[in-house]
$ cat my_file_33.csv   # CSV, C-alpha atoms
chain,number,residue,atom,x,y,z
A,1,MET,CA,4.9,-0.7,-9.0
A,2,LEU,CA,1.6,-2.5,-9.6
A,3,ILE,CA,-0.2,-2.0,-12.9
A,4,ILE,CA,-3.8,-3.3,-13.1
A,5,ASP,CA,-5.0,-3.5,-16.7
A,6,THR,CA,-8.8,-3.6,-16.8
A,7,ASP,CA,-11.8,-3.5,-19.1
A,8,GLY,CA,-13.9,-1.8,-16.5
A,9,GLY,CA,-16.7,-4.2,-15.7
A,10,VAL,CA,-18.4,-5.2,-12.4
A,11,ASP,CA,-15.7,-7.7,-11.2
A,12,ASP,CA,-12.9,-5.3,-12.4
A,13,ILE,CA,-14.2,-2.5,-10.1
A,14,LEU,CA,-14.4,-4.8,-7.2
A,15,CYS,CA,-10.8,-5.8,-7.9
A,16,LEU,CA,-9.7,-2.2,-7.8
A,17,ALA,CA,-11.7,-1.4,-4.7
A,18,ILE,CA,-10.0,-4.3,-2.9
A,19,ALA,CA,-6.6,-3.1,-4.1
A,20,VAL,CA,-7.3,0.3,-2.5
A,21,LYS,CA,-8.5,-1.3,0.7
A,22,LEU,CA,-5.4,-3.5,0.8
A,23,GLY,CA,-3.3,-0.3,0.8
A,24,LEU,CA,-1.9,-0.7,-2.7
A,25,ALA,CA,-3.1,2.7,-4.1
A,26,GLU,CA,0.2,4.5,-3.3
A,27,ASP,CA,2.2,2.6,-6.0
A,28,LEU,CA,-0.7,1.6,-8.3
A,29,ALA,CA,-1.4,2.6,-11.9
A,30,VAL,CA,-4.4,1.5,-13.9
A,31,THR,CA,-4.5,1.0,-17.6
A,32,THR,CA,-7.7,0.5,-19.5
A,33,CYS,CA,-8.8,-1.4,-22.6
A,34,PHE,CA,-11.9,-2.4,-24.5
A,35,GLY,CA,-13.7,-5.5,-23.4
A,36,ASN,CA,-16.6,-5.7,-21.0
A,37,VAL,CA,-17.4,-2.2,-22.4
A,38,ASN,CA,-15.6,0.1,-24.8
A,39,VAL,CA,-12.4,1.7,-23.6
A,40,ASP,CA,-13.9,5.1,-22.9
A,41,ARG,CA,-16.5,3.6,-20.6
A,42,ALA,CA,-13.9,1.4,-19.0
A,43,THR,CA,-11.8,4.5,-18.3
A,44,SER,CA,-14.8,6.3,-16.9
A,45,ASN,CA,-15.7,3.5,-14.6
A,46,VAL,CA,-12.2,3.5,-13.1
A,47,THR,CA,-12.4,7.2,-12.7
A,48,LEU,CA,-15.7,6.9,-10.9
A,49,LEU,CA,-14.3,4.3,-8.5
A,50,ALA,CA,-11.3,6.4,-7.7
A,51,ARG,CA,-13.3,9.6,-7.1
A,52,THR,CA,-15.9,7.8,-5.0
A,53,MET,CA,-13.1,6.2,-2.8
A,54,GLY,CA,-11.2,9.5,-2.6
A,55,VAL,CA,-8.0,8.2,-4.0
A,56,ASP,CA,-5.7,9.6,-6.6
A,57,ILE,CA,-4.9,6.7,-8.9
A,58,PRO,CA,-3.3,7.6,-12.3
A,59,VAL,CA,-5.3,6.1,-15.1
A,60,TYR,CA,-4.0,5.5,-18.6
A,61,LYS,CA,-6.3,4.8,-21.6
A,62,GLY,CA,-5.1,2.0,-23.8
A,63,ALA,CA,-6.5,-0.1,-26.6
A,64,ALA,CA,-9.9,0.4,-28.2
A,65,SER,CA,-9.7,-2.8,-30.2
A,66,SER,CA,-7.7,-6.0,-30.4
A,67,LEU,CA,-4.5,-6.4,-32.3
A,68,ASP,CA,-6.4,-8.0,-35.1
A,69,GLY,CA,-9.0,-5.2,-35.1
A,70,ALA,CA,-11.8,-7.2,-33.5
A,71,ILE,CA,-14.0,-5.5,-30.9
A,72,VAL,CA,-16.1,-7.6,-28.5
A,73,ASP,CA,-18.1,-6.5,-25.5
A,74,ALA,CA,-20.0,-8.1,-22.6
A,75,GLU,CA,-22.7,-5.5,-22.0
A,76,ALA,CA,-25.2,-8.3,-21.7
A,77,VAL,CA,-23.4,-9.5,-18.6
A,78,HIS,CA,-22.1,-6.2,-17.1
A,79,GLY,CA,-24.9,-3.8,-18.3
A,80,HIS,CA,-24.7,-1.0,-20.8
A,81,ASP,CA,-22.4,1.0,-18.6
A,82,GLY,CA,-20.3,-1.9,-17.4
A,83,LEU,CA,-21.7,-1.5,-13.9
A,84,GLY,CA,-25.2,-2.8,-14.2
A,85,GLY,CA,-26.6,0.8,-14.3
A,86,ALA,CA,-24.9,1.8,-11.1
A,87,SER,CA,-22.8,4.6,-12.7
A,88,GLU,CA,-26.0,6.7,-12.7
A,89,GLY,CA,-25.0,8.6,-15.9
A,90,PHE,CA,-21.5,9.4,-14.8
A,91,PHE,CA,-19.2,9.5,-17.8
A,92,ASP,CA,-15.7,10.9,-17.9
A,93,PRO,CA,-13.5,9.1,-20.4
A,94,HIS,CA,-10.6,11.5,-20.1
A,95,ALA,CA,-7.3,10.0,-19.1
A,96,ARG,CA,-3.6,10.1,-20.0
A,97,PRO,CA,-2.7,8.0,-23.1
A,98,LEU,CA,-1.0,4.7,-22.4
A,99,SER,CA,2.2,6.0,-23.8
A,100,ALA,CA,2.4,8.5,-20.9
A,101,LEU,CA,3.0,5.6,-18.5
A,102,VAL,CA,6.4,4.8,-20.1
A,103,PRO,CA,8.4,7.6,-18.4
A,104,VAL,CA,6.6,7.0,-15.1
A,105,ALA,CA,7.3,3.3,-15.1
A,106,LEU,CA,11.0,3.8,-16.1
A,107,ALA,CA,11.7,6.7,-13.8
A,108,ARG,CA,13.2,4.7,-11.0
A,109,GLU,CA,15.8,2.1,-11.8
A,110,ASP,CA,15.2,0.3,-8.5
A,111,ARG,CA,11.5,-0.1,-9.0
A,112,SER,CA,10.2,-3.4,-10.5
A,113,ILE,CA,6.8,-3.7,-12.2
A,114,ASP,CA,4.1,-6.3,-11.7
A,115,ILE,CA,1.2,-6.5,-14.1
A,116,VAL,CA,-2.2,-7.9,-13.2
A,117,ALA,CA,-4.4,-8.0,-16.4
A,118,VAL,CA,-8.1,-8.7,-16.0
A,119,GLY,CA,-9.3,-7.9,-19.5
A,120,PRO,CA,-8.2,-8.8,-23.0
A,121,ALA,CA,-4.4,-8.8,-23.2
A,122,THR,CA,-4.1,-6.2,-25.9
A,123,ASN,CA,-2.1,-3.7,-23.8
A,124,ILE,CA,0.3,-6.2,-22.4
A,125,PRO,CA,2.7,-7.0,-25.3
A,126,GLY,CA,3.5,-3.3,-25.7
A,127,MET,CA,4.3,-3.0,-22.0
A,128,ILE,CA,6.6,-6.0,-22.2
A,129,GLU,CA,8.4,-4.4,-25.1
A,130,ARG,CA,8.8,-1.0,-23.5
A,131,PHE,CA,9.5,-2.1,-19.9
A,132,GLY,CA,11.4,-5.3,-20.5
A,133,ALA,CA,13.4,-6.6,-17.6
A,134,LYS,CA,11.8,-4.2,-15.2
A,135,ILE,CA,8.7,-6.3,-15.3
A,136,ARG,CA,8.9,-8.9,-12.5
A,137,SER,CA,5.7,-10.8,-13.3
A,138,VAL,CA,2.5,-10.8,-15.4
A,139,THR,CA,-0.7,-12.4,-14.0
A,140,LEU,CA,-3.7,-12.7,-16.3
A,141,MET,CA,-7.3,-13.7,-15.7
A,142,THR,CA,-7.9,-15.6,-18.9
A,143,GLY,CA,-8.7,-18.9,-20.6
A,144,VAL,CA,-10.0,-22.2,-19.6
A,145,VAL,CA,-8.0,-25.5,-19.4
A,146,TYR,CA,-10.3,-28.5,-18.6
A,147,ASP,CA,-13.6,-26.8,-18.0
A,148,PHE,CA,-16.2,-25.4,-20.4
A,149,GLY,CA,-15.5,-22.0,-21.7
A,150,SER,CA,-17.8,-19.0,-21.0
A,151,LEU,CA,-18.0,-17.6,-24.5
A,152,ASN,CA,-17.9,-20.9,-26.4
A,153,HIS,CA,-16.9,-24.4,-25.6
A,154,PHE,CA,-13.2,-23.7,-25.6
A,155,SER,CA,-12.7,-20.0,-24.8
A,156,THR,CA,-13.3,-17.3,-22.2
A,157,PHE,CA,-14.2,-13.7,-23.0
A,158,ASN,CA,-10.8,-12.3,-22.3
A,159,ALA,CA,-8.9,-14.9,-24.3
A,160,TYR,CA,-11.4,-14.6,-27.2
A,161,GLY,CA,-11.1,-10.8,-27.1
A,162,ASP,CA,-7.5,-10.7,-28.2
A,163,PRO,CA,-5.9,-14.1,-28.7
A,164,LEU,CA,-3.0,-12.6,-30.8
A,165,ALA,CA,-2.0,-10.4,-27.8
A,166,LEU,CA,-2.4,-13.3,-25.4
A,167,GLY,CA,-0.3,-15.5,-27.6
A,168,LYS,CA,2.5,-12.9,-27.7
A,169,VAL,CA,2.5,-12.8,-23.8
A,170,VAL,CA,2.7,-16.6,-23.3
A,171,ASP,CA,5.2,-17.1,-26.2
A,172,GLN,CA,7.8,-14.9,-24.7
A,173,ARG,CA,10.2,-16.4,-22.2
A,174,GLU,CA,11.9,-13.5,-20.4
A,175,ILE,CA,9.1,-12.6,-17.9
A,176,PRO,CA,7.2,-15.1,-15.7
A,177,VAL,CA,3.6,-15.4,-16.6
A,178,THR,CA,0.7,-16.8,-14.5
A,179,LEU,CA,-2.7,-17.5,-15.9
A,180,VAL,CA,-5.8,-17.6,-13.7
A,181,PRO,CA,-8.4,-19.6,-15.7
A,182,LEU,CA,-12.1,-20.1,-15.4
A,183,ASP,CA,-11.4,-23.6,-14.0
A,184,LEU,CA,-10.2,-22.0,-10.8
A,185,CYS,CA,-12.6,-19.0,-10.8
A,186,ARG,CA,-15.7,-21.2,-10.8
A,187,LYS,CA,-14.5,-22.8,-7.6
A,188,VAL,CA,-14.8,-19.6,-5.5
A,189,MET,CA,-18.3,-18.0,-5.4
A,190,LEU,CA,-19.3,-14.7,-3.9
A,191,PRO,CA,-22.9,-15.4,-2.7
A,192,LYS,CA,-25.7,-13.0,-3.1
A,193,SER,CA,-26.2,-13.0,0.7
A,194,ARG,CA,-22.9,-11.3,1.0
A,195,LEU,CA,-24.0,-8.0,-0.8
A,196,PRO,CA,-24.5,-6.1,2.5
A,197,ALA,CA,-20.8,-6.6,3.3
A,198,PHE,CA,-20.0,-4.1,0.6
A,199,ASP,CA,-21.2,-1.4,3.0
A,200,ARG,CA,-17.8,-1.8,4.7
A,201,PHE,CA,-16.1,-0.3,1.6
A,202,GLY,CA,-17.6,3.1,2.4
A,203,ALA,CA,-19.1,5.4,-0.3
A,204,VAL,CA,-18.3,3.0,-3.1
A,205,GLY,CA,-20.2,0.3,-1.4
A,206,ASP,CA,-23.5,1.3,-3.0
A,207,ILE,CA,-21.9,1.1,-6.5
A,208,LEU,CA,-20.5,-2.4,-5.6
A,209,LYS,CA,-23.9,-3.6,-4.3
A,210,ARG,CA,-26.0,-2.3,-7.2
A,211,SER,CA,-23.6,-3.5,-9.9
A,212,HIS,CA,-23.1,-6.9,-8.3
A,213,ALA,CA,-26.9,-7.4,-7.8
A,214,PHE,CA,-27.3,-6.9,-11.6
A,215,TYR,CA,-24.3,-9.2,-12.2
A,216,MET,CA,-25.6,-11.9,-9.9
A,217,ASP,CA,-29.0,-11.9,-11.6
A,218,VAL,CA,-27.2,-12.6,-14.9
A,219,TYR,CA,-25.3,-15.4,-13.3
A,220,ARG,CA,-28.5,-16.9,-11.9
A,221,ASP,CA,-29.9,-17.0,-15.4
A,222,LEU,CA,-26.7,-18.2,-17.1
A,223,GLU,CA,-25.3,-20.7,-14.6
A,224,GLY,CA,-28.1,-21.2,-12.0
A,225,ILE,CA,-26.1,-19.9,-9.0
A,226,GLU,CA,-27.2,-17.3,-6.4
A,227,GLY,CA,-24.0,-15.2,-6.6
A,228,CYS,CA,-21.1,-14.6,-9.0
A,229,TYR,CA,-17.4,-15.5,-9.4
A,230,PRO,CA,-15.0,-12.7,-8.4
A,231,HIS,CA,-12.6,-13.6,-11.2
A,232,ASP,CA,-10.6,-10.4,-11.2
A,233,SER,CA,-10.2,-10.1,-7.5
A,234,LEU,CA,-9.1,-13.7,-7.3
A,235,THR,CA,-6.4,-12.9,-9.9
A,236,LEU,CA,-5.2,-10.1,-7.8
A,237,LEU,CA,-5.0,-12.4,-4.8
A,238,CYS,CA,-3.0,-14.9,-6.9
A,239,HIS,CA,-0.5,-12.2,-7.6
A,240,LEU,CA,-0.3,-11.1,-4.0
A,241,HIS,CA,-0.3,-14.6,-2.4
A,242,PRO,CA,1.1,-17.2,-4.9
A,243,ASP,CA,2.0,-19.5,-2.1
A,244,ARG,CA,-1.8,-20.0,-1.4
A,245,PHE,CA,-2.5,-21.2,-5.0
A,246,HIS,CA,-1.7,-24.5,-6.8
A,247,LEU,CA,0.4,-23.3,-9.7
A,248,VAL,CA,0.9,-25.9,-12.4
A,249,PRO,CA,3.6,-25.5,-15.2
A,250,PHE,CA,2.1,-25.9,-18.7
A,251,ALA,CA,3.3,-25.5,-22.2
A,252,VAL,CA,0.6,-23.3,-23.8
A,253,ARG,CA,-0.2,-21.9,-27.2
A,254,VAL,CA,-3.2,-19.8,-28.0
A,255,GLY,CA,-5.6,-20.6,-30.9
A,256,ARG,CA,-6.2,-17.5,-32.9
A,257,GLU,CA,-8.7,-18.2,-35.7
A,258,GLY,CA,-12.1,-19.7,-36.2
A,259,GLU,CA,-13.3,-22.2,-33.6
A,260,GLU,CA,-9.9,-22.2,-32.0
A,261,ARG,CA,-10.0,-18.4,-31.3
A,262,GLY,CA,-9.0,-17.9,-27.7
A,263,HIS,CA,-8.5,-21.6,-27.0
A,264,LEU,CA,-5.7,-22.4,-24.6
A,265,ILE,CA,-4.0,-25.5,-26.1
A,266,VAL,CA,-2.0,-26.9,-23.2
A,267,GLY,CA,0.4,-29.8,-22.7
A,268,LYS,CA,2.6,-31.0,-19.8
A,269,ASP,CA,5.2,-32.9,-21.9
A,270,ALA,CA,6.8,-29.9,-23.7
A,271,THR,CA,8.9,-27.3,-22.0
A,272,PRO,CA,6.5,-25.2,-19.8
A,273,THR,CA,5.9,-21.6,-20.9
A,274,VAL,CA,3.6,-20.4,-18.1
A,275,GLN,CA,2.2,-21.5,-14.8
A,276,ILE,CA,-1.6,-21.9,-14.4
A,277,ALA,CA,-3.5,-21.5,-11.2
A,278,MET,CA,-5.6,-24.6,-10.9
A,279,GLY,CA,-6.5,-24.4,-7.2
A,280,THR,CA,-6.2,-22.4,-4.0
A,281,ARG,CA,-6.7,-22.7,-0.3
A,282,TYR,CA,-10.5,-22.5,-0.6
A,283,ARG,CA,-11.4,-21.8,3.1
A,284,TRP,CA,-9.0,-18.9,3.0
A,285,ALA,CA,-10.4,-17.6,-0.3
A,286,HIS,CA,-14.0,-17.9,0.8
A,287,ASP,CA,-13.2,-16.2,4.1
A,288,PHE,CA,-11.5,-13.3,2.2
A,289,PHE,CA,-14.7,-12.6,0.3
A,290,ARG,CA,-16.6,-12.2,3.5
A,291,PHE,CA,-14.8,-8.8,3.7
A,292,ASP,CA,-14.5,-8.9,7.5
A,293,TRP,CA,-10.9,-7.6,7.0
A,294,VAL,CA,-12.1,-4.4,5.4
A,295,GLU,CA,-12.0,-1.5,7.8
A,296,ALA,CA,-15.3,0.3,7.5
$ encode --input "my_file_33.csv" --output "structure tokens"
Amino acid sequence: MLIIDTDGGVDDILCLAIAVKLGLAEDLAVTTCFGNVNVDRATSNVTLLARTMGVDIPVYKGAASSLDGAIVDAEAVHGHDGLGGASEGFFDPHARPLSALVPVALAREDRSIDIVAVGPATNIPGMIERFGAKIRSVTLMTGVVYDFGSLNHFSTFNAYGDPLALGKVVDQREIPVTLVPLDLCRKVMLPKSRLPAFDRFGAVGDILKRSHAFYMDVYRDLEGIEGCYPHDSLTLLCHLHPDRFHLVPFAVRVGREGEERGHLIVGKDATPTVQIAMGTRYRWAHDFFRFDWVEA
């Protein structure tokens, strides 16, 4: 069973669309949390994607705020609706509560669980507590190691959003954890010239094009590039194809207060606690985001 935990922004929706096109929908569940937008809007965006693609993906609504009560958003980057205005007024925040996922996930003793988390980590410690050894892996898009952060010098949005939850995930030792940091994500760009390729996704292609056009305009203003970084989709690929990524073991702790909030404090001398994806096979990654593999 694959669980994608998402805060419902532009790159999140592309990640989910790719998961569907890769044939993962049959054993996929989606959990939502606050982050790019509030949890109701994140839930609505996932529902919009599923309906537009004609797939029945169970959606479970999770955390509305971080474990320490903080609430952040990235509407300036993703738009007021999280999709750069492409939702066209659609709003359906209704979904099962996150607690309803427990009996589903535990129903089959022979089924392992993989978690790909592409928003703040708020929902993940609870899943680890409830599902325990059934979880085979946790892969998170979060943090920055050697590069500049996106939210401040040291931190990325997801890590800053809930450092307490992220700390709980990296501190535990029972379940393998992989982090996909901004250091890697900035090395793989989805260029603006590639927008027409979203037509291959069918009906949802228009939402992907319009939301990414908005998102890419923001990136042009923020970072001077003609495109964007498909952070969340790259995280899904790291989970699916770990052999194509350069995974480095690090000892990590997470700063939780003040200027250290969300800061990944890493070292290679202590006993490693996680592996961090620091590189990939770039020709393969860039070719993947041409979307030639998508059956129109």
$ atom_distance --input "my_file_33.csv" --atom1 "atom CA of Pro97 of chain A" --atom2 "atom CA of Leu14 of chain A"
23.5 Å
$ residues_around --input "my_file_33.csv" --residues "segment 118-132 of chain A" --least-positions-apart "4" --cutoff "7 Å" --atoms "all atoms listed in the file" --output "PyMOL selection string"
chain A and resi 5-7+12+35+62-63+66-67+140-141+158-159+161-162+165-166+168-169+232
$ closest_residue --input "my_file_33.csv" --among "A:Gly143, A:Pro93, A:Gly255, A:Pro191" --to "Val59 of chain A" --atoms "all atoms listed in the file"
A:Pro93
$ residues_around --input "my_file_33.csv" --residues "segment 48-57 of chain A" --least-positions-apart "6" --cutoff "9 Å" --atoms "all atoms listed in the file" --output "ChimeraX atom specification"
/A:13,16-17,20,25-30,87,90-92,201-204,207
$ residues_near_point --input "my_file_33.csv" --point "(-12.6, 3.1, -23.9)" --cutoff "12 Å" --atoms "only C-alpha atoms" --output "JSON, numbers by chain"
{"A": [6, 7, 8, 9, 31, 32, 33, 34, 35, 36, 37, 38, 39, 40, 41, 42, 43, 44, 45, 46, 47, 59, 60, 61, 62, 63, 64, 65, 71, 73, 81, 82, 91, 92, 93, 94, 95, 97, 98]}
$ residues_around --input "my_file_33.csv" --residues "segment 211-227 of chain A" --least-positions-apart "5" --cutoff "12 Å" --atoms "only C-alpha atoms" --output "JSON, numbers by chain"
{"A": [8, 9, 10, 11, 12, 13, 14, 45, 74, 75, 76, 77, 78, 79, 80, 81, 82, 83, 84, 85, 86, 87, 88, 148, 150, 151, 186, 188, 189, 190, 191, 192, 193, 194, 195, 196, 197, 198, 204, 205, 206, 289]}
$ residues_around --input "my_file_33.csv" --residues "Val266 of chain A" --least-positions-apart "3" --cutoff "8 Å" --atoms "only C-alpha atoms" --output "list in words"
Val145, Phe250, Ala251, Val252 and Arg253 of chain A
$ atom_distance --input "my_file_33.csv" --atom1 "atom CA of Asp199 of chain A" --atom2 "atom CA of His231 of chain A"
20.6 Å
$ residues_around --input "my_file_33.csv" --residues "Glu259 of chain A" --least-positions-apart "2" --cutoff "10 Å" --atoms "all atoms listed in the file" --output "PyMOL selection string"
chain A and resi 152-155+255-257+261-263
$ atom_distance --input "my_file_33.csv" --atom1 "atom CA of Pro230 of chain A" --atom2 "atom CA of Glu295 of chain A"
19.9 Å
$ closest_residue --input "my_file_33.csv" --among "A:Leu24, A:Ala105, A:Asp292, A:Cys238" --to "Cys185 of chain A" --atoms "all atoms listed in the file"
A:Cys238
$ axis_aligned_box --input "my_file_33.csv" --around "segment 292-296 of chain A" --padding-each-side "5 Å" --output "AutoDock Vina command-line options"
--center_x -13.1 --center_y -4.3 --center_z 6.6 --size_x 14.4 --size_y 19.2 --size_z 12.4
$ closest_residue --input "my_file_33.csv" --among "A:Leu179, A:Leu164, A:Ala117, A:Val254" --to "Pro242 of chain A" --atoms "all atoms listed in the file"
A:Leu179
$ closest_residue --input "my_file_33.csv" --among "A:Leu22, A:Asp147, A:Ile175, A:Pro58" --to "Phe288 of chain A" --atoms "all atoms listed in the file"
A:Leu22
$ decode --input "my_file_33.csv" --residues "segment 172-187 of chain A" --atoms "C-alpha atoms" --output "short mmCIF file (atom, residue, chain, number, x, y, z; two decimals), in the first residue's frame"
data_model
loop_
_atom_site.label_atom_id
_atom_site.label_comp_id
_atom_site.auth_asym_id
_atom_site.auth_seq_id
_atom_site.Cartn_x
_atom_site.Cartn_y
_atom_site.Cartn_z
CA GLN A 172 12.97 7.00 15.47
CA ARG A 173 15.09 4.04 14.40
CA GLU A 174 12.61 1.30 13.49
CA ILE A 175 11.60 2.48 10.00
CA PRO A 176 13.99 3.51 7.20
CA VAL A 177 13.65 7.21 6.36
CA THR A 178 14.79 8.96 3.18
CA LEU A 179 14.83 12.74 2.82
CA VAL A 180 14.68 14.48 -0.55
CA PRO A 181 16.07 17.97 0.13
CA LEU A 182 16.01 21.16 -1.85
CA ASP A 183 19.68 20.55 -2.74
CA LEU A 184 18.56 17.79 -5.11
CA CYS A 185 15.26 19.29 -6.22
CA ARG A 186 16.97 22.41 -7.58
CA LYS A 187 19.01 20.24 -9.94
#
